[in-house]
Amino acid sequence: MLKLFNTLTRRQEVFEPIEPKTVRMYVCGVTVYDYCHIGHARSALVFDVLRRYLEYSGYAVTFVKNFTDVDDKIIKRANEQGVSSGALATKYIQAYHEDMGRMGIRGATEEPRATEHIADIIQLTEQLVNRELAYVVDGDVYFEVSKYPEYGRLSKRRLEDLQAGARVEVDERKRHPMDFALWKSSKPGEPAWESPWGPGRPGWHIECSAMSLRYLGETFDIHGGGMDLIFPHHENEIAQSCGATGKEFARYWVHNGFVQINKEKMSKSLGNFFTIREIFEKSEWSWSEEVTGEILRYFLLSTHYHSPLDFSDQALKEAKNALDGFYDLFNRLHETNESGGEDGGLLQAAAERTRESFHRSMDDDLNTSAAIAALQGLRSEVNKMVDKDLSTSNRKNVRHEFRSLGNILGLFQLDKWQFNPSVPCVGMNVESGMSISSRKTHPILGGQSSWVPTLSDSEVETRIAERREAKKRKDFKRADVIREELKSFGITIEDKPDGTARWKR
RNA sequence: GGCGCCGUACCCAAGUGGUAAGGGAGCAGUCUGCAAAACUGCGAUGCAGCGGUUCGAACCCGCUCGGCGCCUCCA
């Protein structure tokens with residue numbers, strides 16, 4: 001039984017969908033005028049995991065995530081670059097898909113752009129004007145906040161309080177300072193659409209009301225987004241949607257906490273942000289290691305989604321190390337064991353305990369840290385079993401267990417150790433005959449090239465075979481030289497009792 | 001001025017009334033030619049501080065200190 005913290009009631013509530021076995025959810029995506037930063041990644045990831053868990057739990061999920069592709073920032077930047085705002089938006093939507101795809105974040109069922117729904121927006125705005133909840137001034141249309149008695153329900157703010165410390169410049173044409181634009185008349189050179197109030201473009205909040213109505217209906221189950229959207233964005237959405245339909249809007253409001261840098265919110269305005277692609281290129285702790293989507297996921301899920309989360313190299317490194325432990329085990333599980341132990345019962349019991357604990361944690365408002373702890377517990381137990389004696393089929397079974405629970409978090413899906421993501425797509429360096437990967441200085445070969453040589457799988461295998469021969473001859477000196485050489489390419493060897501060795505990048 | 005969040009070991013982090021999960025790092029040991037991995041052991045009489053409620057509090061209440069967010073675009 002899933003419980004979610006509902007911002008509307010400020011309480012954890014048992015999740016019950018409107019229609020049995022069906023979930024309709026809407027999540028506010030991004031305004032596409034720049035590359036996404038790690039904060040955007042967290043939000044996208046949280047709802048990706050919520051969606052995965054709902055599906056895993058047997059719900060059919062309709063998941064809508066919008067792109068805001070017309071707004072002041074987009075127009076400004078498009079003008080600076082001399083391109084149309086539509087083209088600029090398209091470029092960053094593509095980048096969004098690349099970045100999120102690399103993090104294993106699945107696409108939504110629908111990913112509408114605001115400009116594809118101008119007709120819906122105009123229709124909804126007209127409805128609000130007709131109901132006298134909105135008024136027209138000089139081609140602008142404003143929502144009249146004081147006509148909607150429940151305004152402030154989500155953010156727990158009262159109109160009087162809002163006025164007191166408001167930093168808003170008061171537009172004299174507005175009837176109340178908190179009235180917000182549904183439709184903005186366009187200035188020359190700005191993108192514009194014909195409307196009953198003259199050429200213009202939609203305000204920010206109305207697109208979400210219009211598009212959720214279009215794809216999910218008047219009332220739907222879950223509405224999500226970052227904490228900072230609670231006010232005014234989501235408050236305004238509620239006012240518009242409930243005002244227009246007279247029906248309940250979204251039933252569960254889920255908001256994720258911020259990613260911070262040194263305890264401060266990461267944001268464009270503070271300039272203290274890292275884009276996702278920047279992080280993927282980061283590799284400060286070691287020349288050979290890059291950040292992968294899985295490391296980023298592990299890091300972001302190691303804290304409950306509602307809490308703030310501090311981003312740092314060290315935190316990323318810790319996530320990497322923790323993940324290493326899992327993949328070390330998976331490597332052991334891939335190996336066969338002819339003796340075949342009799343420990344299936346023990347294993348099943350451990351897996352069962354883990355599953356229960358995992359489900360309990362996820363049901364508790366998506367407590368991913370506790371869920372990961374359950375998986376860590378199984379890792380430790382299985383390692384002990386492998387040490388003792390675990391049959392080949394049991395190894396397969398438990399690897400499957402990790403894969404299936406891990407899939408809810410988007411972890412553990414790789415077949416083999418692959419922490420250096422550029423390895424599978426290496427080119428060849430003609431001079432050295434070695435394949436090349438990441439752009440950093442090799443500790444031995446030096447920095448004459450911006451590309452670091454690495455070894456292909458077969459090159460590694462050859463050296464390992466040679467080392468095995470050396471070990472047979474008790475030529476440990478030679479064996480150590482080979483190991484050192486491989487290490488300089490970022491390859492670590494683990495000798496096994498039978499004389500063979502497993503290796504990893 | 002209004003609304004709200006956070007403070008748990010060296011680091012990250014769960015736990016919201018019954019006596020401190022988990023991970024990372026560290027140290028010691030077992031195994032090993034040596035490493036690596038794995039395993040075993042060690043690690044907060046303590047949950048920012050002070051008071052209160054209670055048989056019992058990290059968890060509830062009050063105050064204080066420290067950090068932060070929203071009220072303007074923001075995931």
# chains A, B, ... in the order shown; residues from 1 in each chain; ligands from 1

$ closest_atom_pairs --of "chain A" --to "chain B" --cutoff "8 Å" --atoms "only C-alpha atoms (C1' of nucleotides)" --output "Markdown table"
| residue | atom | partner | partner_atom | distance |
| --- | --- | --- | --- | --- |
| A:Gly29 | CA | B:A75 | C1' | 7.7 |
| A:Val30 | CA | B:A75 | C1' | 7.4 |
| A:Gly39 | CA | B:A75 | C1' | 5.5 |
| A:His40 | CA | B:A75 | C1' | 4.5 |
| A:Ala41 | CA | B:A75 | C1' | 7.7 |
| A:Arg42 | CA | B:A75 | C1' | 7.3 |
| A:Ser43 | CA | B:A75 | C1' | 5.3 |
| A:Ala44 | CA | B:A75 | C1' | 7.8 |
| A:Ser155 | CA | B:C3 | C1' | 7.9 |
| A:Lys156 | CA | B:C3 | C1' | 6.9 |
| A:Arg157 | CA | B:C3 | C1' | 6.3 |
| A:Asp161 | CA | B:G2 | C1' | 5.0 |
| A:Leu162 | CA | B:C71 | C1' | 6.1 |
| A:Ala164 | CA | B:G1 | C1' | 6.4 |
| A:Gly165 | CA | B:G1 | C1' | 6.0 |
| A:Ala166 | CA | B:C71 | C1' | 6.4 |
| A:Arg167 | CA | B:U72 | C1' | 6.5 |
| A:Val168 | CA | B:U72 | C1' | 6.1 |
| A:Gly225 | CA | B:A75 | C1' | 6.4 |
| A:Gly226 | CA | B:A75 | C1' | 4.4 |
| A:Met227 | CA | B:A75 | C1' | 7.5 |
| A:Asp228 | CA | B:C74 | C1' | 6.8 |
| A:Leu229 | CA | B:C74 | C1' | 7.9 |
| A:Phe231 | CA | B:C70 | C1' | 7.3 |
| A:Asn256 | CA | B:A75 | C1' | 7.8 |
| A:Phe258 | CA | B:A75 | C1' | 7.4 |
| A:Lys263 | CA | B:C68 | C1' | 6.9 |
| A:Glu264 | CA | B:C68 | C1' | 6.8 |
| A:Lys265 | CA | B:G69 | C1' | 7.9 |
| A:Ser267 | CA | B:C74 | C1' | 7.0 |
| A:Lys268 | CA | B:C74 | C1' | 7.6 |
| A:Ser302 | CA | B:A13 | C1' | 7.4 |
| A:Thr303 | CA | B:A13 | C1' | 6.8 |
| A:Ala315 | CA | B:C12 | C1' | 7.0 |
| A:Glu318 | CA | B:G24 | C1' | 5.3 |
| A:Ala319 | CA | B:G24 | C1' | 7.9 |
| A:Asn321 | CA | B:G24 | C1' | 7.0 |
| A:Ala322 | CA | B:G23 | C1' | 6.5 |
| A:Asp328 | CA | B:A37 | C1' | 7.3 |
| A:Ser369 | CA | B:A14 | C1' | 6.6 |
| A:Ala370 | CA | B:A14 | C1' | 5.8 |
| A:Ile372 | CA | B:G22 | C1' | 7.9 |
| A:Ala373 | CA | B:G22 | C1' | 4.6 |
| A:Ala374 | CA | B:G22 | C1' | 7.6 |
| A:Gln376 | CA | B:G22 | C1' | 7.0 |
| A:Gly377 | CA | B:G22 | C1' | 7.6 |
| A:Asn383 | CA | B:A38 | C1' | 6.7 |
| A:Lys384 | CA | B:C39 | C1' | 7.0 |
| A:Asp387 | CA | B:A38 | C1' | 7.0 |
| A:Phe476 | CA | B:G33 | C1' | 7.0 |
| A:Thr492 | CA | B:A36 | C1' | 7.3 |
| A:Ile493 | CA | B:A36 | C1' | 6.3 |
| A:Glu494 | CA | B:A36 | C1' | 4.8 |
| A:Asp495 | CA | B:A36 | C1' | 7.3 |

$ residues_around --residues "B:G18" --least-positions-apart "3" --cutoff "12 Å" --atoms "only C-alpha atoms (C1' of nucleotides)" --output "short mmCIF file (atom, residue, chain, number, x, y, z; two decimals) with N, CA and C atoms (P, O5', C5', C4', C3', O3' and C1' of nucleotides), in the first residue's frame"
data_model
loop_
_atom_site.label_atom_id
_atom_site.label_comp_id
_atom_site.auth_asym_id
_atom_site.auth_seq_id
_atom_site.Cartn_x
_atom_site.Cartn_y
_atom_site.Cartn_z
P U B 54 3.86 14.14 33.26
"O5'" U B 54 4.18 12.81 32.47
"C5'" U B 54 3.19 12.22 31.62
"C4'" U B 54 3.81 11.08 30.88
"C3'" U B 54 4.58 10.09 31.74
"O3'" U B 54 3.72 9.16 32.37
"C1'" U B 54 5.86 10.63 29.82
P C B 55 3.97 8.76 33.88
"O5'" C B 55 5.20 7.76 33.79
"C5'" C B 55 5.94 7.42 34.97
"C4'" C B 55 6.99 6.39 34.62
"C3'" C B 55 7.87 6.74 33.45
"O3'" C B 55 8.95 7.58 33.84
"C1'" C B 55 7.07 4.54 33.17
P G B 56 9.35 8.81 32.92
"O5'" G B 56 9.90 8.09 31.61
"C5'" G B 56 11.14 7.38 31.66
"C4'" G B 56 11.35 6.61 30.39
"C3'" G B 56 11.41 7.45 29.12
"O3'" G B 56 12.72 7.95 28.93
"C1'" G B 56 9.99 5.61 28.77
P A B 57 12.90 9.34 28.18
"O5'" A B 57 12.34 9.02 26.72
"C5'" A B 57 13.07 8.24 25.74
"C4'" A B 57 13.22 9.07 24.49
"C3'" A B 57 13.97 10.35 24.77
"O3'" A B 57 15.37 10.25 24.51
"C1'" A B 57 11.86 10.79 23.68
P C B 59 13.49 14.33 20.63
"O5'" C B 59 13.11 14.30 19.11
"C5'" C B 59 11.83 14.56 18.61
"C4'" C B 59 11.34 13.41 17.76
"C3'" C B 59 9.86 13.13 17.95
"O3'" C B 59 9.19 13.55 16.76
"C1'" C B 59 11.18 11.12 17.85
#

$ residues_around --residues "A:Gly104" --least-positions-apart "6" --cutoff "8 Å" --atoms "only C-alpha atoms (C1' of nucleotides)" --output "PyMOL selection string"
chain A and resi 293-294+410

$ atom_distance --atom1 "atom CA of A:Glu194" --atom2 "atom CA of A:Glu126"
13.4 Å

$ select_by_dssp --residues "stretch 78-232 of chain A" --states "helix (DSSP H, G or I)" --output "PyMOL selection string"
chain A and resi 78-81+85-102+114-130+145-147+159-165+206-216+227-232

$ residues_around --residues "stretch 116-120 of chain A" --least-positions-apart "5" --cutoff "10 Å" --atoms "only C-alpha atoms (C1' of nucleotides)" --output "list of chain:residue names"
A:Asp69, A:Thr125, A:Glu126, A:Trp193, A:Glu194, A:Ser195, A:Arg201, A:Pro202, A:Ile206, A:Glu207, A:Ser209, A:Ala210, A:Met211, A:Leu213, A:Arg214

$ write_last_selection --atoms "all heavy atoms" --output "short mmCIF file (atom, residue, chain, number, x, y, z; two decimals), in the first residue's frame"
data_model
loop_
_atom_site.label_atom_id
_atom_site.label_comp_id
_atom_site.auth_asym_id
_atom_site.auth_seq_id
_atom_site.Cartn_x
_atom_site.Cartn_y
_atom_site.Cartn_z
N ASP A 69 7.80 25.90 -24.00
CA ASP A 69 8.64 26.28 -25.13
C ASP A 69 8.35 27.70 -25.62
O ASP A 69 8.77 28.08 -26.70
CB ASP A 69 8.50 25.27 -26.27
CG ASP A 69 7.09 25.21 -26.83
OD1 ASP A 69 6.18 25.77 -26.18
OD2 ASP A 69 6.91 24.63 -27.91
N THR A 125 -8.88 29.84 -21.41
CA THR A 125 -8.85 31.24 -20.99
C THR A 125 -10.23 31.89 -21.21
O THR A 125 -10.74 32.62 -20.34
CB THR A 125 -7.78 32.02 -21.78
OG1 THR A 125 -6.53 31.36 -21.62
CG2 THR A 125 -7.65 33.45 -21.29
N GLU A 126 -10.83 31.58 -22.34
CA GLU A 126 -12.17 32.11 -22.63
C GLU A 126 -13.17 31.67 -21.56
O GLU A 126 -14.01 32.44 -21.11
CB GLU A 126 -12.65 31.61 -24.00
CG GLU A 126 -12.18 32.46 -25.14
CD GLU A 126 -12.79 32.03 -26.47
OE1 GLU A 126 -12.64 30.83 -26.80
OE2 GLU A 126 -13.39 32.86 -27.15
N TRP A 193 0.29 34.45 -31.45
CA TRP A 193 -0.81 33.66 -32.01
C TRP A 193 -2.08 34.51 -31.95
O TRP A 193 -2.23 35.33 -31.03
CB TRP A 193 -1.00 32.39 -31.20
CG TRP A 193 0.09 31.38 -31.38
CD1 TRP A 193 0.07 30.31 -32.23
CD2 TRP A 193 1.36 31.33 -30.71
NE1 TRP A 193 1.26 29.60 -32.14
CE2 TRP A 193 2.07 30.20 -31.21
CE3 TRP A 193 1.99 32.13 -29.75
CZ2 TRP A 193 3.35 29.86 -30.78
CZ3 TRP A 193 3.26 31.79 -29.33
CH2 TRP A 193 3.95 30.66 -29.83
N GLU A 194 -2.94 34.31 -32.92
CA GLU A 194 -4.19 35.05 -32.94
C GLU A 194 -5.08 34.58 -31.79
O GLU A 194 -5.10 33.39 -31.46
CB GLU A 194 -4.92 34.85 -34.27
CG GLU A 194 -4.43 35.79 -35.37
CD GLU A 194 -4.35 37.24 -34.91
OE1 GLU A 194 -5.30 37.71 -34.24
OE2 GLU A 194 -3.33 37.90 -35.20
N SER A 195 -5.78 35.53 -31.18
CA SER A 195 -6.69 35.17 -30.11
C SER A 195 -7.84 36.16 -30.10
O SER A 195 -7.76 37.20 -30.76
CB SER A 195 -5.96 35.22 -28.77
OG SER A 195 -5.91 36.56 -28.29
N ARG A 201 0.57 35.60 -26.63
CA ARG A 201 1.08 34.27 -26.28
C ARG A 201 0.61 33.91 -24.88
O ARG A 201 0.24 34.79 -24.09
CB ARG A 201 2.60 34.25 -26.37
CG ARG A 201 3.27 35.29 -25.48
CD ARG A 201 4.75 35.39 -25.79
NE ARG A 201 5.36 36.54 -25.19
CZ ARG A 201 5.99 36.55 -24.01
NH1 ARG A 201 6.07 35.45 -23.31
NH2 ARG A 201 6.54 37.65 -23.55
N PRO A 202 0.65 32.63 -24.56
CA PRO A 202 0.12 32.21 -23.26
C PRO A 202 1.01 32.63 -22.10
O PRO A 202 2.22 32.78 -22.25
CB PRO A 202 0.08 30.68 -23.37
CG PRO A 202 0.92 30.32 -24.53
CD PRO A 202 1.04 31.50 -25.41
N ILE A 206 -0.92 28.69 -17.46
CA ILE A 206 -2.12 28.19 -18.13
C ILE A 206 -1.85 26.93 -18.96
O ILE A 206 -2.71 26.07 -19.11
CB ILE A 206 -2.75 29.31 -19.01
CG1 ILE A 206 -4.14 28.92 -19.49
CG2 ILE A 206 -1.84 29.67 -20.18
CD1 ILE A 206 -5.20 28.92 -18.41
N GLU A 207 -0.62 26.80 -19.47
CA GLU A 207 -0.34 25.65 -20.33
C GLU A 207 -0.54 24.32 -19.59
O GLU A 207 -1.03 23.36 -20.16
CB GLU A 207 1.08 25.73 -20.88
CG GLU A 207 2.15 25.61 -19.79
CD GLU A 207 3.57 25.64 -20.33
OE1 GLU A 207 3.96 26.74 -20.77
OE2 GLU A 207 4.24 24.61 -20.32
N SER A 209 -2.52 23.73 -17.03
CA SER A 209 -3.94 23.48 -16.84
C SER A 209 -4.56 22.96 -18.14
O SER A 209 -5.33 22.01 -18.14
CB SER A 209 -4.65 24.77 -16.43
OG SER A 209 -4.33 25.11 -15.10
N ALA A 210 -4.20 23.58 -19.24
CA ALA A 210 -4.80 23.21 -20.52
C ALA A 210 -4.36 21.81 -20.95
O ALA A 210 -5.16 21.00 -21.42
CB ALA A 210 -4.41 24.24 -21.59
N MET A 211 -3.08 21.53 -20.80
CA MET A 211 -2.57 20.25 -21.31
C MET A 211 -2.94 19.08 -20.40
O MET A 211 -3.20 17.98 -20.88
CB MET A 211 -1.07 20.35 -21.53
CG MET A 211 -0.75 21.36 -22.65
SD MET A 211 0.94 21.35 -23.23
CE MET A 211 1.78 22.01 -21.83
N LEU A 213 -5.66 18.96 -18.74
CA LEU A 213 -7.08 18.77 -19.06
C LEU A 213 -7.22 17.96 -20.35
O LEU A 213 -8.01 17.02 -20.44
CB LEU A 213 -7.75 20.14 -19.23
CG LEU A 213 -9.24 20.16 -19.53
CD1 LEU A 213 -10.03 19.54 -18.38
CD2 LEU A 213 -9.72 21.59 -19.78
N ARG A 214 -6.43 18.30 -21.34
CA ARG A 214 -6.47 17.62 -22.63
C ARG A 214 -6.10 16.13 -22.51
O ARG A 214 -6.79 15.27 -23.04
CB ARG A 214 -5.50 18.33 -23.60
CG ARG A 214 -5.06 17.54 -24.81
CD ARG A 214 -6.17 17.32 -25.82
NE ARG A 214 -6.75 18.59 -26.29
CZ ARG A 214 -7.92 18.66 -26.94
NH1 ARG A 214 -8.62 17.56 -27.16
NH2 ARG A 214 -8.36 19.83 -27.33
#

$ residues_around --residues "A:Ile464" --least-positions-apart "4" --cutoff "10 Å" --atoms "only C-alpha atoms (C1' of nucleotides)" --output "PyMOL selection string"
chain A and resi 458-460+468-470+479+482-483+486+493+500-503

$ select_by_dssp --residues "stretch 99-196 of chain A" --states "strand (DSSP E or B)" --output "NGL selection string"
:A and (110 or 113 or 134-137 or 140-143 or 180-185 or 193)

$ write_last_selection --atoms "all heavy atoms" --output "short mmCIF file (atom, residue, chain, number, x, y, z; two decimals), in the first residue's frame"
data_model
loop_
_atom_site.label_atom_id
_atom_site.label_comp_id
_atom_site.auth_asym_id
_atom_site.auth_seq_id
_atom_site.Cartn_x
_atom_site.Cartn_y
_atom_site.Cartn_z
N GLU A 110 3.17 11.12 -22.75
CA GLU A 110 2.98 12.29 -23.61
C GLU A 110 3.95 13.36 -23.14
O GLU A 110 4.10 13.57 -21.95
CB GLU A 110 1.55 12.84 -23.46
CG GLU A 110 0.45 11.87 -23.84
CD GLU A 110 0.32 11.67 -25.34
OE1 GLU A 110 0.93 12.44 -26.11
OE2 GLU A 110 -0.37 10.71 -25.75
N ARG A 113 4.31 20.12 -25.95
CA ARG A 113 4.88 21.48 -25.89
C ARG A 113 3.73 22.48 -25.81
O ARG A 113 2.71 22.30 -26.46
CB ARG A 113 5.70 21.76 -27.16
CG ARG A 113 6.90 20.85 -27.32
CD ARG A 113 7.53 20.99 -28.69
NE ARG A 113 8.01 22.34 -28.97
CZ ARG A 113 9.04 22.60 -29.79
NH1 ARG A 113 9.68 21.61 -30.39
NH2 ARG A 113 9.41 23.84 -30.03
N ALA A 134 -11.64 35.89 -14.84
CA ALA A 134 -10.52 36.56 -15.51
C ALA A 134 -11.04 37.80 -16.21
O ALA A 134 -12.23 37.90 -16.54
CB ALA A 134 -9.88 35.61 -16.51
N TYR A 135 -10.14 38.77 -16.41
CA TYR A 135 -10.55 40.01 -17.08
C TYR A 135 -9.50 40.41 -18.10
O TYR A 135 -8.34 39.99 -18.04
CB TYR A 135 -10.78 41.12 -16.06
CG TYR A 135 -9.57 41.37 -15.15
CD1 TYR A 135 -8.60 42.31 -15.48
CD2 TYR A 135 -9.44 40.65 -13.95
CE1 TYR A 135 -7.52 42.54 -14.65
CE2 TYR A 135 -8.34 40.87 -13.12
CZ TYR A 135 -7.39 41.80 -13.47
OH TYR A 135 -6.31 42.03 -12.66
N VAL A 136 -9.94 41.21 -19.05
CA VAL A 136 -9.08 41.59 -20.17
C VAL A 136 -8.66 43.05 -20.02
O VAL A 136 -9.47 43.91 -19.71
CB VAL A 136 -9.84 41.42 -21.50
CG1 VAL A 136 -8.92 41.73 -22.68
CG2 VAL A 136 -10.43 40.02 -21.61
N VAL A 137 -7.36 43.29 -20.16
CA VAL A 137 -6.85 44.67 -20.18
C VAL A 137 -5.88 44.83 -21.34
O VAL A 137 -4.84 44.15 -21.36
CB VAL A 137 -6.08 45.01 -18.88
CG1 VAL A 137 -5.76 46.50 -18.83
CG2 VAL A 137 -6.84 44.58 -17.64
N ASP A 140 -4.21 41.88 -22.77
CA ASP A 140 -3.75 40.91 -21.77
C ASP A 140 -4.98 40.33 -21.07
O ASP A 140 -6.00 41.01 -20.93
CB ASP A 140 -2.89 41.58 -20.69
CG ASP A 140 -1.56 42.07 -21.24
OD1 ASP A 140 -1.17 41.59 -22.33
OD2 ASP A 140 -0.93 42.91 -20.58
N VAL A 141 -4.85 39.09 -20.64
CA VAL A 141 -5.92 38.50 -19.83
C VAL A 141 -5.32 38.09 -18.49
O VAL A 141 -4.30 37.41 -18.45
CB VAL A 141 -6.55 37.28 -20.52
CG1 VAL A 141 -7.73 36.77 -19.71
CG2 VAL A 141 -6.99 37.62 -21.94
N TYR A 142 -5.97 38.54 -17.41
CA TYR A 142 -5.48 38.21 -16.07
C TYR A 142 -6.49 37.37 -15.32
O TYR A 142 -7.70 37.59 -15.42
CB TYR A 142 -5.19 39.48 -15.26
CG TYR A 142 -4.01 40.25 -15.78
CD1 TYR A 142 -4.19 41.37 -16.59
CD2 TYR A 142 -2.71 39.85 -15.48
CE1 TYR A 142 -3.10 42.07 -17.09
CE2 TYR A 142 -1.63 40.55 -15.97
CZ TYR A 142 -1.82 41.65 -16.77
OH TYR A 142 -0.75 42.34 -17.26
N PHE A 143 -5.96 36.46 -14.54
CA PHE A 143 -6.81 35.71 -13.61
C PHE A 143 -7.01 36.59 -12.39
O PHE A 143 -6.05 37.16 -11.86
CB PHE A 143 -6.14 34.40 -13.21
CG PHE A 143 -7.02 33.52 -12.37
CD1 PHE A 143 -7.83 32.56 -12.95
CD2 PHE A 143 -7.04 33.67 -10.98
CE1 PHE A 143 -8.65 31.75 -12.18
CE2 PHE A 143 -7.87 32.88 -10.20
CZ PHE A 143 -8.67 31.91 -10.80
N PHE A 180 -2.52 37.11 -12.08
CA PHE A 180 -1.45 36.68 -12.98
C PHE A 180 -1.97 36.50 -14.40
O PHE A 180 -3.17 36.29 -14.62
CB PHE A 180 -0.82 35.37 -12.47
CG PHE A 180 -1.81 34.26 -12.26
CD1 PHE A 180 -2.09 33.36 -13.28
CD2 PHE A 180 -2.47 34.12 -11.03
CE1 PHE A 180 -3.01 32.34 -13.09
CE2 PHE A 180 -3.39 33.09 -10.84
CZ PHE A 180 -3.66 32.21 -11.87
N ALA A 181 -1.04 36.57 -15.35
CA ALA A 181 -1.42 36.59 -16.76
C ALA A 181 -1.78 35.20 -17.27
O ALA A 181 -1.05 34.23 -17.06
CB ALA A 181 -0.27 37.15 -17.59
N LEU A 182 -2.91 35.12 -17.94
CA LEU A 182 -3.28 33.91 -18.66
C LEU A 182 -2.85 34.05 -20.11
O LEU A 182 -2.45 33.09 -20.76
CB LEU A 182 -4.79 33.69 -18.60
CG LEU A 182 -5.42 33.57 -17.21
CD1 LEU A 182 -6.94 33.57 -17.31
CD2 LEU A 182 -4.94 32.29 -16.55
N TRP A 183 -2.93 35.27 -20.58
CA TRP A 183 -2.59 35.57 -21.96
C TRP A 183 -1.88 36.92 -22.00
O TRP A 183 -2.30 37.85 -21.33
CB TRP A 183 -3.87 35.62 -22.82
CG TRP A 183 -3.59 35.72 -24.28
CD1 TRP A 183 -3.61 36.87 -25.03
CD2 TRP A 183 -3.23 34.67 -25.16
NE1 TRP A 183 -3.29 36.58 -26.33
CE2 TRP A 183 -3.06 35.24 -26.45
CE3 TRP A 183 -3.05 33.28 -25.00
CZ2 TRP A 183 -2.70 34.47 -27.56
CZ3 TRP A 183 -2.69 32.54 -26.12
CH2 TRP A 183 -2.53 33.13 -27.38
N LYS A 184 -0.77 36.95 -22.74
CA LYS A 184 -0.01 38.20 -22.82
C LYS A 184 -0.01 38.71 -24.25
O LYS A 184 0.34 37.95 -25.16
CB LYS A 184 1.45 37.95 -22.41
CG LYS A 184 1.65 37.49 -21.00
CD LYS A 184 3.05 36.95 -20.84
CE LYS A 184 3.75 37.61 -19.65
NZ LYS A 184 5.00 36.95 -19.30
N SER A 185 -0.36 39.94 -24.42
CA SER A 185 -0.28 40.51 -25.77
C SER A 185 1.19 40.58 -26.16
O SER A 185 2.06 40.79 -25.32
CB SER A 185 -0.88 41.91 -25.78
OG SER A 185 -0.15 42.75 -24.91
N TRP A 193 0.29 34.45 -31.45
CA TRP A 193 -0.81 33.66 -32.01
C TRP A 193 -2.08 34.51 -31.95
O TRP A 193 -2.23 35.33 -31.03
CB TRP A 193 -1.00 32.39 -31.20
CG TRP A 193 0.09 31.38 -31.38
CD1 TRP A 193 0.07 30.31 -32.23
CD2 TRP A 193 1.36 31.33 -30.71
NE1 TRP A 193 1.26 29.60 -32.14
CE2 TRP A 193 2.07 30.20 -31.21
CE3 TRP A 193 1.99 32.13 -29.75
CZ2 TRP A 193 3.35 29.86 -30.78
CZ3 TRP A 193 3.26 31.79 -29.33
CH2 TRP A 193 3.95 30.66 -29.83
#
